[in-house]
Every structure is written in structure tokens, then in C-alpha cells.
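Chemist: Sharing data-v6.cif below, mmCIF, C-alpha atoms and all ligand atoms:
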data_final
loop_
_atom_site.group_PDB
_atom_site.id
_atom_site.type_symbol
_atom_site.label_atom_id
_atom_site.label_comp_id
_atom_site.auth_asym_id
_atom_site.auth_seq_id
_atom_site.Cartn_x
_atom_site.Cartn_y
_atom_site.Cartn_z
ATOM 1 C CA MET A 251 -25.845 19.030 -112.394
ATOM 2 C CA THR A 252 -25.497 17.355 -109.013
ATOM 3 C CA ASP A 253 -22.551 18.836 -107.066
ATOM 4 C CA ARG A 254 -20.013 16.257 -105.917
ATOM 5 C CA TYR A 255 -18.352 16.068 -102.500
ATOM 6 C CA ALA A 256 -16.270 13.364 -100.833
ATOM 7 C CA VAL A 257 -14.313 12.336 -97.776
ATOM 8 C CA ILE A 258 -10.717 11.192 -98.326
ATOM 9 C CA GLY A 259 -8.913 8.948 -95.844
ATOM 10 C CA ASN A 260 -7.162 5.622 -95.327
ATOM 11 C CA PRO A 261 -8.946 3.570 -94.084
ATOM 12 C CA ILE A 262 -12.275 5.098 -95.112
ATOM 13 C CA ALA A 263 -14.889 2.311 -95.158
ATOM 14 C CA HIS A 264 -15.960 3.089 -91.568
ATOM 15 C CA SER A 265 -16.556 6.825 -92.207
ATOM 16 C CA LYS A 266 -19.956 8.145 -91.165
ATOM 17 C CA SER A 267 -19.496 11.369 -93.149
ATOM 18 C CA PRO A 268 -21.487 10.194 -96.239
ATOM 19 C CA LEU A 269 -24.450 9.381 -93.973
ATOM 20 C CA ILE A 270 -24.214 12.726 -92.198
ATOM 21 C CA HIS A 271 -23.959 14.823 -95.366
ATOM 22 C CA ALA A 272 -26.738 12.852 -97.072
ATOM 23 C CA ALA A 273 -28.964 13.644 -94.078
ATOM 24 C CA PHE A 274 -27.992 17.351 -94.212
ATOM 25 C CA ALA A 275 -28.643 17.473 -97.993
ATOM 26 C CA SER A 276 -32.056 15.885 -97.739
ATOM 27 C CA GLN A 277 -33.032 18.121 -94.806
ATOM 28 C CA THR A 278 -32.027 21.305 -96.697
ATOM 29 C CA ALA A 279 -33.085 20.125 -100.197
ATOM 30 C CA GLN A 280 -29.571 20.468 -101.632
ATOM 31 C CA ASP A 281 -28.753 18.611 -104.852
ATOM 32 C CA LEU A 282 -25.430 16.968 -104.021
ATOM 33 C CA SER A 283 -23.671 13.631 -103.838
ATOM 34 C CA TYR A 284 -21.071 12.647 -101.214
ATOM 35 C CA GLU A 285 -18.761 9.651 -101.576
ATOM 36 C CA ARG A 286 -15.911 7.883 -99.766
ATOM 37 C CA LEU A 287 -12.490 8.052 -101.461
ATOM 38 C CA LEU A 288 -9.783 5.663 -100.301
ATOM 39 C CA ALA A 289 -6.403 7.276 -101.057
ATOM 40 C CA PRO A 290 -3.225 5.177 -101.026
ATOM 41 C CA LEU A 291 -1.035 6.213 -98.073
ATOM 42 C CA THR A 292 1.381 7.910 -100.489
ATOM 43 C CA GLY A 293 -1.332 9.002 -102.924
ATOM 44 C CA PHE A 294 -3.362 11.721 -101.207
ATOM 45 C CA ALA A 295 -2.386 14.481 -103.670
ATOM 46 C CA GLU A 296 -3.225 12.340 -106.715
ATOM 47 C CA THR A 297 -6.623 11.350 -105.301
ATOM 48 C CA LEU A 298 -7.471 14.953 -104.499
ATOM 49 C CA LYS A 299 -6.296 16.318 -107.870
ATOM 50 C CA GLN A 300 -8.301 13.733 -109.730
ATOM 51 C CA PHE A 301 -11.450 14.532 -107.771
ATOM 52 C CA GLN A 302 -10.910 18.249 -108.377
ATOM 53 C CA ALA A 303 -10.254 17.709 -112.112
ATOM 54 C CA THR A 304 -13.506 15.760 -112.481
ATOM 55 C CA GLY A 305 -15.603 18.546 -110.978
ATOM 56 C CA GLY A 306 -15.469 17.814 -107.225
ATOM 57 C CA ARG A 307 -16.628 20.879 -105.254
ATOM 58 C CA GLY A 308 -15.357 20.007 -101.781
ATOM 59 C CA VAL A 309 -13.814 17.322 -99.620
ATOM 60 C CA ASN A 310 -13.498 16.368 -96.007
ATOM 61 C CA ILE A 311 -10.145 14.969 -94.966
ATOM 62 C CA THR A 312 -9.647 12.342 -92.326
ATOM 63 C CA VAL A 313 -6.817 10.255 -90.861
ATOM 64 C CA PRO A 314 -3.979 10.263 -91.883
ATOM 65 C CA PHE A 315 -4.113 13.147 -94.374
ATOM 66 C CA LYS A 316 -5.160 16.222 -92.361
ATOM 67 C CA GLU A 317 -1.613 17.604 -92.080
ATOM 68 C CA GLU A 318 -0.851 16.915 -95.743
ATOM 69 C CA ALA A 319 -4.075 18.638 -96.817
ATOM 70 C CA TRP A 320 -3.067 21.751 -94.934
ATOM 71 C CA GLN A 321 0.239 21.954 -96.800
ATOM 72 C CA PHE A 322 -1.486 21.422 -100.118
ATOM 73 C CA ALA A 323 -3.907 24.359 -100.003
ATOM 74 C CA ASP A 324 -3.599 27.656 -101.885
ATOM 75 C CA GLU A 325 -5.423 29.522 -99.135
ATOM 76 C CA LEU A 326 -5.916 28.799 -95.415
ATOM 77 C CA THR A 327 -8.475 30.026 -92.923
ATOM 78 C CA PRO A 328 -6.854 31.383 -89.734
ATOM 79 C CA ARG A 329 -8.065 28.361 -87.749
ATOM 80 C CA ALA A 330 -6.578 25.916 -90.295
ATOM 81 C CA ARG A 331 -3.285 27.800 -90.080
ATOM 82 C CA LEU A 332 -3.281 27.525 -86.262
ATOM 83 C CA ALA A 333 -4.239 23.860 -86.342
ATOM 84 C CA GLN A 334 -1.612 23.107 -89.019
ATOM 85 C CA ALA A 335 -4.162 20.657 -90.342
ATOM 86 C CA ALA A 336 -7.268 20.760 -92.530
ATOM 87 C CA ASN A 337 -10.404 18.643 -92.395
ATOM 88 C CA THR A 338 -12.389 20.581 -95.019
ATOM 89 C CA LEU A 339 -11.380 21.786 -98.479
ATOM 90 C CA VAL A 340 -13.371 24.001 -100.832
ATOM 91 C CA LEU A 341 -12.417 23.247 -104.435
ATOM 92 C CA ASN A 342 -12.866 25.200 -107.610
ATOM 93 C CA ASP A 343 -11.244 24.526 -110.989
ATOM 94 C CA THR A 344 -7.817 25.753 -109.988
ATOM 95 C CA ARG A 345 -7.707 26.671 -106.310
ATOM 96 C CA ILE A 346 -8.075 24.980 -102.927
ATOM 97 C CA LEU A 347 -9.219 26.714 -99.720
ATOM 98 C CA ALA A 348 -8.468 24.756 -96.535
ATOM 99 C CA ASP A 349 -10.382 25.066 -93.279
ATOM 100 C CA ASN A 350 -10.393 23.178 -90.001
ATOM 101 C CA THR A 351 -13.853 22.800 -88.471
ATOM 102 C CA ASP A 352 -12.925 20.255 -85.764
ATOM 103 C CA GLY A 353 -12.473 22.786 -82.956
ATOM 104 C CA ALA A 354 -15.709 24.600 -83.794
ATOM 105 C CA GLY A 355 -17.462 21.216 -83.819
ATOM 106 C CA LEU A 356 -16.109 20.311 -80.378
ATOM 107 C CA VAL A 357 -16.977 23.675 -78.827
ATOM 108 C CA THR A 358 -20.519 23.636 -80.271
ATOM 109 C CA ASP A 359 -21.117 20.113 -79.030
ATOM 110 C CA ILE A 360 -19.887 20.946 -75.511
ATOM 111 C CA GLN A 361 -21.618 24.297 -75.128
ATOM 112 C CA HIS A 362 -24.739 24.038 -77.253
ATOM 113 C CA ASN A 363 -25.648 20.342 -77.319
ATOM 114 C CA LEU A 364 -24.386 19.383 -73.848
ATOM 115 C CA GLY A 365 -25.214 22.779 -72.310
ATOM 116 C CA TYR A 366 -21.822 23.144 -70.653
ATOM 117 C CA ALA A 367 -20.388 26.705 -70.771
ATOM 118 C CA LEU A 368 -16.583 26.794 -70.946
ATOM 119 C CA ALA A 369 -16.078 30.359 -69.706
ATOM 120 C CA ARG A 370 -14.127 30.459 -66.422
ATOM 121 C CA ARG A 371 -13.924 26.626 -66.321
ATOM 122 C CA ARG A 372 -10.712 24.705 -65.627
ATOM 123 C CA VAL A 373 -10.041 22.752 -68.821
ATOM 124 C CA LEU A 374 -7.690 19.787 -69.284
ATOM 125 C CA VAL A 375 -6.730 18.568 -72.771
ATOM 126 C CA MET A 376 -5.106 15.117 -72.775
ATOM 127 C CA GLY A 377 -2.748 14.603 -75.706
ATOM 128 C CA ALA A 378 -0.533 16.856 -77.796
ATOM 129 C CA GLY A 379 -0.834 15.394 -81.292
ATOM 130 C CA GLY A 380 -2.747 16.636 -84.316
ATOM 131 C CA ALA A 381 -6.156 16.130 -82.708
ATOM 132 C CA ALA A 382 -5.222 18.320 -79.725
ATOM 133 C CA ARG A 383 -3.599 20.986 -81.902
ATOM 134 C CA GLY A 384 -6.850 21.369 -83.862
ATOM 135 C CA VAL A 385 -9.020 22.210 -80.853
ATOM 136 C CA ILE A 386 -6.874 24.302 -78.488
ATOM 137 C CA ALA A 387 -7.386 27.748 -80.065
ATOM 138 C CA PRO A 388 -11.192 27.338 -80.347
ATOM 139 C CA LEU A 389 -11.304 26.200 -76.679
ATOM 140 C CA LEU A 390 -9.234 29.200 -75.562
ATOM 141 C CA ALA A 391 -11.547 31.519 -77.497
ATOM 142 C CA GLU A 392 -14.298 30.582 -74.998
ATOM 143 C CA HIS A 393 -12.210 32.091 -72.149
ATOM 144 C CA PRO A 394 -11.707 29.164 -69.778
ATOM 145 C CA ALA A 395 -10.061 30.034 -66.410
ATOM 146 C CA PHE A 396 -7.037 28.151 -67.770
ATOM 147 C CA LEU A 397 -6.249 25.265 -70.077
ATOM 148 C CA VAL A 398 -3.711 22.548 -69.231
ATOM 149 C CA ILE A 399 -2.248 20.294 -71.933
ATOM 150 C CA ALA A 400 -1.056 16.985 -70.451
ATOM 151 C CA ASN A 401 0.936 14.547 -72.536
ATOM 152 C CA ARG A 402 2.957 11.363 -72.042
ATOM 153 C CA THR A 403 5.786 13.015 -74.004
ATOM 154 C CA VAL A 404 5.889 16.338 -72.182
ATOM 155 C CA GLY A 405 8.012 18.051 -74.860
ATOM 156 C CA ARG A 406 5.133 17.886 -77.340
ATOM 157 C CA ALA A 407 2.801 19.524 -74.789
ATOM 158 C CA ILE A 408 5.349 22.293 -74.215
ATOM 159 C CA THR A 409 5.581 22.923 -77.967
ATOM 160 C CA LEU A 410 1.798 23.405 -78.118
ATOM 161 C CA GLN A 411 1.828 25.550 -74.972
ATOM 162 C CA ARG A 412 4.364 27.901 -76.600
ATOM 163 C CA GLN A 413 2.365 28.078 -79.817
ATOM 164 C CA PHE A 414 -0.976 28.818 -78.157
ATOM 165 C CA SER A 415 -0.015 30.992 -75.180
ATOM 166 C CA PRO A 416 -0.748 34.211 -77.162
ATOM 167 C CA TYR A 417 -4.421 33.106 -77.185
ATOM 168 C CA GLY A 418 -5.042 32.447 -73.481
ATOM 169 C CA ILE A 419 -3.692 30.934 -70.259
ATOM 170 C CA VAL A 420 -2.117 27.593 -71.246
ATOM 171 C CA GLU A 421 0.069 25.261 -69.156
ATOM 172 C CA ALA A 422 1.849 22.057 -70.187
ATOM 173 C CA CYS A 423 2.800 19.018 -68.085
ATOM 174 C CA ASP A 424 2.968 15.244 -67.937
ATOM 175 C CA TYR A 425 0.208 13.181 -66.323
ATOM 176 C CA ALA A 426 1.965 12.694 -62.965
ATOM 177 C CA ALA A 427 1.962 16.476 -62.412
ATOM 178 C CA LEU A 428 -1.854 16.456 -62.406
ATOM 179 C CA HIS A 429 -2.106 14.717 -59.003
ATOM 180 C CA GLY A 430 -4.162 16.900 -56.675
ATOM 181 C CA VAL A 431 -5.422 19.265 -59.398
ATOM 182 C CA GLN A 432 -9.110 19.249 -60.336
ATOM 183 C CA PHE A 433 -10.735 20.207 -63.635
ATOM 184 C CA ASP A 434 -14.275 21.066 -64.734
ATOM 185 C CA CYS A 435 -13.853 19.828 -68.294
ATOM 186 C CA ILE A 436 -11.499 16.960 -69.209
ATOM 187 C CA ILE A 437 -11.089 16.318 -72.941
ATOM 188 C CA ASN A 438 -9.387 13.201 -74.256
ATOM 189 C CA ALA A 439 -7.578 14.143 -77.486
ATOM 190 C CA THR A 440 -5.152 11.206 -77.355
ATOM 191 C CA SER A 441 -5.397 8.298 -79.773
ATOM 192 C CA ALA A 442 -5.239 5.868 -76.812
ATOM 193 C CA SER A 443 -8.953 4.949 -77.066
ATOM 194 C CA LEU A 444 -8.337 3.634 -80.597
ATOM 195 C CA SER A 445 -6.244 0.814 -79.172
ATOM 196 C CA GLY A 446 -8.403 0.332 -76.060
ATOM 197 C CA GLU A 447 -5.794 2.073 -73.882
ATOM 198 C CA LEU A 448 -5.981 4.862 -71.346
ATOM 199 C CA ALA A 449 -3.410 7.591 -70.619
ATOM 200 C CA PRO A 450 -2.023 7.472 -67.031
ATOM 201 C CA LEU A 451 -4.488 10.062 -65.767
ATOM 202 C CA PRO A 452 -4.663 10.511 -61.956
ATOM 203 C CA SER A 453 -8.087 9.491 -60.660
ATOM 204 C CA ASP A 454 -8.616 12.721 -58.661
ATOM 205 C CA VAL A 455 -8.745 15.168 -61.632
ATOM 206 C CA PHE A 456 -12.550 15.047 -61.996
ATOM 207 C CA ALA A 457 -14.186 17.956 -60.126
ATOM 208 C CA PRO A 458 -17.759 17.408 -58.895
ATOM 209 C CA GLY A 459 -20.097 18.017 -61.836
ATOM 210 C CA SER A 460 -17.224 17.908 -64.336
ATOM 211 C CA LEU A 461 -17.648 16.987 -67.991
ATOM 212 C CA ALA A 462 -15.471 14.162 -69.366
ATOM 213 C CA TYR A 463 -15.358 14.292 -73.166
ATOM 214 C CA ASP A 464 -13.699 11.739 -75.457
ATOM 215 C CA MET A 465 -13.123 13.018 -78.986
ATOM 216 C CA MET A 466 -13.318 9.372 -80.132
ATOM 217 C CA TYR A 467 -16.624 7.558 -80.377
ATOM 218 C CA GLY A 468 -17.723 3.972 -80.653
ATOM 219 C CA ALA A 469 -20.575 1.638 -79.872
ATOM 220 C CA GLU A 470 -19.223 1.109 -76.333
ATOM 221 C CA PRO A 471 -17.910 3.746 -73.865
ATOM 222 C CA THR A 472 -14.145 4.225 -74.314
ATOM 223 C CA PRO A 473 -11.711 3.239 -71.502
ATOM 224 C CA PHE A 474 -11.385 6.969 -70.697
ATOM 225 C CA LEU A 475 -15.140 7.444 -70.312
ATOM 226 C CA ARG A 476 -15.466 4.332 -68.142
ATOM 227 C CA TYR A 477 -12.612 5.610 -65.950
ATOM 228 C CA ALA A 478 -14.191 9.080 -65.737
ATOM 229 C CA GLN A 479 -17.531 7.629 -64.694
ATOM 230 C CA GLU A 480 -15.891 5.494 -62.005
ATOM 231 C CA HIS A 481 -13.944 8.458 -60.614
ATOM 232 C CA GLY A 482 -16.544 11.133 -60.179
ATOM 233 C CA ALA A 483 -17.133 12.898 -63.507
ATOM 234 C CA GLY A 484 -20.595 14.453 -63.504
ATOM 235 C CA HIS A 485 -21.214 13.889 -67.190
ATOM 236 C CA CYS A 486 -19.569 11.766 -69.898
ATOM 237 C CA ALA A 487 -19.779 12.325 -73.667
ATOM 238 C CA ASP A 488 -18.167 10.720 -76.701
ATOM 239 C CA GLY A 489 -17.165 12.479 -79.929
ATOM 240 C CA LEU A 490 -20.202 11.646 -82.055
ATOM 241 C CA GLY A 491 -21.700 15.107 -81.479
ATOM 242 C CA MET A 492 -18.381 16.714 -82.440
ATOM 243 C CA LEU A 493 -18.315 14.639 -85.622
ATOM 244 C CA VAL A 494 -21.757 15.855 -86.680
ATOM 245 C CA GLU A 495 -21.044 19.464 -85.661
ATOM 246 C CA GLN A 496 -17.746 19.674 -87.581
ATOM 247 C CA ALA A 497 -19.620 18.296 -90.604
ATOM 248 C CA ALA A 498 -22.307 20.972 -90.209
ATOM 249 C CA VAL A 499 -19.682 23.741 -90.285
ATOM 250 C CA ALA A 500 -18.170 22.183 -93.443
ATOM 251 C CA PHE A 501 -21.645 21.913 -95.023
ATOM 252 C CA HIS A 502 -22.287 25.572 -94.257
ATOM 253 C CA LEU A 503 -18.967 26.528 -95.849
ATOM 254 C CA TRP A 504 -19.835 24.614 -99.027
ATOM 255 C CA ARG A 505 -23.552 25.359 -99.341
ATOM 256 C CA GLY A 506 -24.181 28.518 -97.288
ATOM 257 C CA ILE A 507 -26.876 26.746 -95.239
ATOM 258 C CA ARG A 508 -26.644 25.605 -91.639
ATOM 259 C CA PRO A 509 -28.324 22.186 -91.214
ATOM 260 C CA ASP A 510 -30.051 20.947 -88.066
ATOM 261 C CA THR A 511 -27.603 18.710 -86.210
ATOM 262 C CA LEU A 512 -29.525 17.284 -83.259
ATOM 263 C CA SER A 513 -31.805 15.170 -85.465
ATOM 264 C CA VAL A 514 -28.726 13.735 -87.218
ATOM 265 C CA ILE A 515 -26.921 13.006 -83.924
ATOM 266 C CA ASN A 516 -30.028 11.182 -82.699
ATOM 267 C CA GLN A 517 -30.320 9.301 -85.981
ATOM 268 C CA LEU A 518 -26.688 8.087 -85.734
ATOM 269 C CA ARG A 519 -27.116 7.076 -82.084
ATOM 270 C CA SER A 520 -30.046 4.871 -83.004
ATOM 271 C CA ILE A 521 -28.163 2.912 -85.705
HETATM 272 P P1 LIG B 601 -3.559 12.466 -83.582
HETATM 273 O O1 LIG B 601 -3.392 13.150 -84.887
HETATM 274 O O2 LIG B 601 -4.717 11.508 -83.513
HETATM 275 O O3 LIG B 601 -3.540 13.439 -82.429
HETATM 276 P P2 LIG B 601 -0.827 11.790 -83.010
HETATM 277 O O4 LIG B 601 -0.335 13.085 -83.559
HETATM 278 O O5 LIG B 601 -0.086 10.528 -83.305
HETATM 279 O O6 LIG B 601 -2.302 11.472 -83.473
HETATM 280 O O7 LIG B 601 -0.954 11.958 -81.414
HETATM 281 C C1 LIG B 601 -1.437 10.938 -80.603
HETATM 282 C C2 LIG B 601 -1.561 11.465 -79.184
HETATM 283 O O8 LIG B 601 -2.095 10.440 -78.354
HETATM 284 C C3 LIG B 601 -0.239 11.876 -78.569
HETATM 285 O O9 LIG B 601 -0.469 12.926 -77.656
HETATM 286 C C4 LIG B 601 0.164 10.594 -77.843
HETATM 287 O O10 LIG B 601 1.072 10.802 -76.782
HETATM 288 P P3 LIG B 601 2.667 10.901 -77.097
HETATM 289 O O11 LIG B 601 2.871 12.247 -77.743
HETATM 290 O O12 LIG B 601 3.303 10.797 -75.764
HETATM 291 O O13 LIG B 601 2.965 9.759 -78.016
HETATM 292 C C5 LIG B 601 -1.163 10.176 -77.299
HETATM 293 N N1 LIG B 601 -1.259 8.750 -76.960
HETATM 294 C C6 LIG B 601 -1.438 7.703 -77.786
HETATM 295 N N2 LIG B 601 -1.525 6.542 -77.106
HETATM 296 C C7 LIG B 601 -1.387 6.864 -75.790
HETATM 297 C C8 LIG B 601 -1.405 6.108 -74.567
HETATM 298 N N3 LIG B 601 -1.570 4.788 -74.559
HETATM 299 N N4 LIG B 601 -1.245 6.794 -73.404
HETATM 300 C C9 LIG B 601 -1.084 8.130 -73.399
HETATM 301 N N5 LIG B 601 -1.078 8.902 -74.519
HETATM 302 C C10 LIG B 601 -1.227 8.280 -75.701
#
Written as C-alpha cells, how would this file's structure read?
Ligand code: ATR

Modeler:
Amino acid sequence: MTDRYAVIGNPIAHSKSPLIHAAFASQTAQDLSYERLLAPLTGFAETLKQFQATGGRGVNITVPFKEEAWQFADELTPRARLAQAANTLVLNDTRILADNTDGAGLVTDIQHNLGYALARRRVLVMGAGGAARGVIAPLLAEHPAFLVIANRTVGRAITLQRQFSPYGIVEACDYAALHGVQFDCIINATSASLSGELAPLPSDVFAPGSLAYDMMYGAEPTPFLRYAQEHGAGHCADGLGMLVEQAAVAFHLWRGIRPDTLSVINQLRSI
């Protein structure tokens, strides 16, 4: 029997996850299918339960259901608990295990694929929503010199700073407070790129040789990446590598096999 997996979101038509998991399955000779499931905005639980009841073995969760998925699980990995969101569920007949592989995906893409060690680096995370919350603990685990969370609404950054300060040196501020401070790694975890916008980031934050990373991806460079390039970032990267890496961690959780990711990243770039 072919094992069934799916990604649940709304909207979902644009999701690259079926392509990625099909490539992983063919590479590792795993007998599985992977489909897109569009859940109504108020119907995540129903969609998930139905998939589970008809033999679904695992799901990925995307916008806007990651927080709901976390609350729904019977068991949480420590990183899903810290993120207060889940992007991967392991299903059996009666139980649901929730994990969050986004942070691991980001860290692997930065350190392994882009060759940029985070230890002792000055790291800036822009944004204090769900996307930021999911990656802060995995970033701190790499022992940066310090990590600053900057957000338009500074109160949300302070909330995250309080939550994550047991795990490393974390500061919180608004964008204006960044004037005159330089960073080695600047990560855009805001949703501004989605609407073609850019957070009010001072132009002098990019240290020579710094890495500017946008967790979003698209056919064209995002406004943040264009801005970074114009203002001295040494290297710019979008979130396509993170997308493939978080999928690889989910695949490993489901199938016990770690797929090769670089070939899949290259394949997606060439589409
Ligand atoms: P997600 O789950 O994608 O993180 P979210 O929880 O709605 O979504 O958070 C969106 C983040 O992007 C927030 O940090 C938001 O800043 P505010 O908390 O001040 O709203 C940030 N954001 C969105 N659009 C932005 C813009 N144009 N400029 C700056 N920050 C923006």
C-alpha cells in the first residue's frame, strides 16, 4: 500500500511541497504519495481528521494553520513547543505528533548550503510574528555573539525576547534603534515581502561580507534583498533553500531517510 502524505494550507495551489517530496521519494525509492489539501479557513481540524481517518501518515502545515496545528497535537517536540507552531505532523490511527522543522531548515541552509557559520556572528532577525518565533531558538543554538529581534511593533519583539532569553543573548528593539549598529547575518522574517514592502531598516546595518537572508522566495529578488544588495551585504539568499531543507527534516521524520537536498534546490531553481 502506498503511504499517503499531504500539505494543508489556504491558499495551497502555489505550494512546492508536492514537487519536493516527490523528488525525495523518487531519489530514495520510497513508495509514497503527497497531495495538496485546501482547508477552509475555519475547517483545518476537519480536513486533518478526515485525512487521518482515511489512512494519511503525515502532513505538512502551511499558512495560516501552523499555530492551530500546534494546539491540535497530542504530543509536541521541544522545538514545536518553543515555536508555538507546527509545520510537520506525524499521524497514526489515533495520535498526532507535532514538530517544527522550519528553524532547522533555515540553519542548515545558512550554514551547510551557503557555508556561513553562525557562531560568534552578530545576527539580526526582522519581524516578531510566527515566522520569527519558529527560528529564534534554532539560531541561538548555534551560539551567535548576540541576536537582535527588530519589529515595527516593539512590544511583540520584547515578548519574544523574554521567551527566548534563557537560550542565549537576545535583544529587542524597533527599527530606528538599529542606526549605527552592524550585523553579520540579517534575516527577514517579516511578511512584508509578500506585499512587495520593506520594513524601515536603516541602510547601515549590513557589515562587510554580511549575509542577507529573506525567508520568503519568489522568481524575482524581494525588496529586502534588493535593498541589501544596494547597501553593502556581501551575500544575498532567498528562502528556497530553507523550504527544501525543512522538507528534508520532515521527510526524515516520516521515513527515517535523509534525502539529498542540493539536487532538489537546483531543480527548483531551474523551473
Ligand atoms: P508570520 O506568521 O508570517 O510571521 P505574522 O505573525 O502576521 O505573520 O507576523 C508578520 C510580521 O511581519 C510581523 O513582525 C509584522 O510586524 P508587526 O508585528 O509590527 O505587525 C511584520 N510586517 C509585516 N509587514 C510589515 C511591513 N510592511 N513593515 C515592517 N514589518 C512588517

Chemist: Go through the chains and note each residue within 7 Å of ligand LIG 601 (chain B), using all atoms listed in the file, then give the set as a list in words.

Modeler: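 Listing the residues within 7 Å of ligand LIG 601 (chain B) gives Gly377, Ala378, Gly379, Gly380, Ala381, Ala382, Asn401, Arg402, Thr403, Arg406, Ala439, Thr440, Ser441, Ala442, Glu447, Leu448, Ala449 and Pro450 of chain A.
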
Chemist: So that I have them on file, write out the residues from the current selection with C-alpha atoms, as an mmCIF file, in the coordinates of the input.

Modeler:
data_model
loop_
_atom_site.group_PDB
_atom_site.id
_atom_site.type_symbol
_atom_site.label_atom_id
_atom_site.label_comp_id
_atom_site.auth_asym_id
_atom_site.auth_seq_id
_atom_site.Cartn_x
_atom_site.Cartn_y
_atom_site.Cartn_z
ATOM 1 C CA GLY A 377 -2.748 14.603 -75.706
ATOM 2 C CA ALA A 378 -0.533 16.856 -77.796
ATOM 3 C CA GLY A 379 -0.834 15.394 -81.292
ATOM 4 C CA GLY A 380 -2.747 16.636 -84.316
ATOM 5 C CA ALA A 381 -6.156 16.130 -82.708
ATOM 6 C CA ALA A 382 -5.222 18.320 -79.725
ATOM 7 C CA ASN A 401 0.936 14.547 -72.536
ATOM 8 C CA ARG A 402 2.957 11.363 -72.042
ATOM 9 C CA THR A 403 5.786 13.015 -74.004
ATOM 10 C CA ARG A 406 5.133 17.886 -77.340
ATOM 11 C CA ALA A 439 -7.578 14.143 -77.486
ATOM 12 C CA THR A 440 -5.152 11.206 -77.355
ATOM 13 C CA SER A 441 -5.397 8.298 -79.773
ATOM 14 C CA ALA A 442 -5.239 5.868 -76.812
ATOM 15 C CA GLU A 447 -5.794 2.073 -73.882
ATOM 16 C CA LEU A 448 -5.981 4.862 -71.346
ATOM 17 C CA ALA A 449 -3.410 7.591 -70.619
ATOM 18 C CA PRO A 450 -2.023 7.472 -67.031
#

Chemist: Could you tell me which residues the PyMOL selection byres (((chain A and resi 337) around 6) and not hetatm) grabs in this file, written as JSON, numbers by chain?

Modeler: {"A": [310, 311, 316, 336, 338, 350]}

Chemist: Rounded to one decimal place, report the atom CA of A:Leu269-atom CA of A:Ala354 distance in Å.

Modeler: 20.3 Å

Chemist: Where does the PyMOL selection byres (((chain A and resi 319) around 9) and not hetatm) land in this file, that is, which residues does it pick, as a ChimeraX atom specification?

Modeler: /A:294-295,311,315-318,320-323,335-339,348

Chemist: Selection from above, C-alpha atoms, as an mmCIF file, in the frame of the given file, can you write it?

Modeler:
data_model
loop_
_atom_site.group_PDB
_atom_site.id
_atom_site.type_symbol
_atom_site.label_atom_id
_atom_site.label_comp_id
_atom_site.auth_asym_id
_atom_site.auth_seq_id
_atom_site.Cartn_x
_atom_site.Cartn_y
_atom_site.Cartn_z
ATOM 1 C CA PHE A 294 -3.362 11.721 -101.207
ATOM 2 C CA ALA A 295 -2.386 14.481 -103.670
ATOM 3 C CA ILE A 311 -10.145 14.969 -94.966
ATOM 4 C CA PHE A 315 -4.113 13.147 -94.374
ATOM 5 C CA LYS A 316 -5.160 16.222 -92.361
ATOM 6 C CA GLU A 317 -1.613 17.604 -92.080
ATOM 7 C CA GLU A 318 -0.851 16.915 -95.743
ATOM 8 C CA TRP A 320 -3.067 21.751 -94.934
ATOM 9 C CA GLN A 321 0.239 21.954 -96.800
ATOM 10 C CA PHE A 322 -1.486 21.422 -100.118
ATOM 11 C CA ALA A 323 -3.907 24.359 -100.003
ATOM 12 C CA ALA A 335 -4.162 20.657 -90.342
ATOM 13 C CA ALA A 336 -7.268 20.760 -92.530
ATOM 14 C CA ASN A 337 -10.404 18.643 -92.395
ATOM 15 C CA THR A 338 -12.389 20.581 -95.019
ATOM 16 C CA LEU A 339 -11.380 21.786 -98.479
ATOM 17 C CA ALA A 348 -8.468 24.756 -96.535
#

Chemist: Skipping near chain neighbours, those fewer than 6 positions away, what residues fall within 6 Å of stretch 252-255 of chain A using all atoms listed in the file, listed as a PyMOL selection string?

Modeler: chain A and resi 281-284+306-309

Chemist: The PyMOL selection byres (((chain A and resi 313) around 9) and not hetatm) - which residues does that actually catch in the file I just gave you? List them as a PyMOL selection string.

Modeler: chain A and resi 258-262+311-312+314-316

Chemist: Quick one: distance from atom CA of A:Val494 to atom CA of A:Asp434 in Å, one decimal?

Modeler: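 These two atoms are separated by 23.8 Å.
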
Chemist: Calculated over only C-alpha atoms, which of the candidates A:Glu296, A:Cys423, A:Arg508, A:Lys266 has the smallest distance to A:Ile521?

Modeler: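 Checking each candidate against A:Ile521, we get A:Lys266 as the closest.
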
Chemist: Rank A:Ala273, A:Leu503, A:Val375, A:Leu475 by their smallest atom-to-atom distance to A:Leu397, using all atoms listed in the file, and report the top residue only.

Modeler: A:Val375

Chemist: Calculate how many Å separate atom CA of A:Gln517 from atom CA of A:Ala487, rounding to one decimal.

Modeler: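 Here the two named atoms are 16.5 Å from each other.
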
Chemist: Please enclose the listed atoms of stretch 295-304 of chain A in an axis-aligned box, pad each side by 6 Å, and write out the centre and the three edge lengths in Å, rounded to one decimal, as AutoDock Vina command-line options.

Modeler:
--center_x -7.9 --center_y 14.8 --center_z -108.1 --size_x 23.1 --size_y 18.9 --size_z 20.8

Chemist: Which one is closest to A:Gln302: A:Val340, A:Leu332, A:Leu326, A:Ala427? Count all atoms listed in the file.

Modeler: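 Ranked by minimum distance to A:Gln302, first place goes to A:Val340.
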
Chemist: Pick out the closest residue to A:Val357 from this set: A:Glu392, A:Glu421, A:Asp510, A:Glu480. Count all atoms listed in the file.

Modeler: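 Of A:Glu392, A:Glu421, A:Asp510, A:Glu480, the one nearest A:Val357, counting all atoms listed in the file, is A:Glu392.
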
Chemist: Show which residues sit within 7 Å of A:His485, as number ranges by chain. Count only C-alpha atoms, and ignore same-chain residues fewer than 6 positions away.

Modeler: A: 459-462

Chemist: Between A:Ser267, A:Gln496, A:Gln334, A:Thr511, which is the closest to A:Thr351 once you count all atoms listed in the file?

Modeler: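 The answer is A:Gln496, which sits nearest to A:Thr351.
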
Chemist: Rank nothing, just name the residue among A:Arg383, A:Arg370, A:His271, A:Arg331 nearest to A:Ile419, using only C-alpha atoms.

Modeler: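 Of the candidates, the smallest distance to A:Ile419 is held by A:Arg370.
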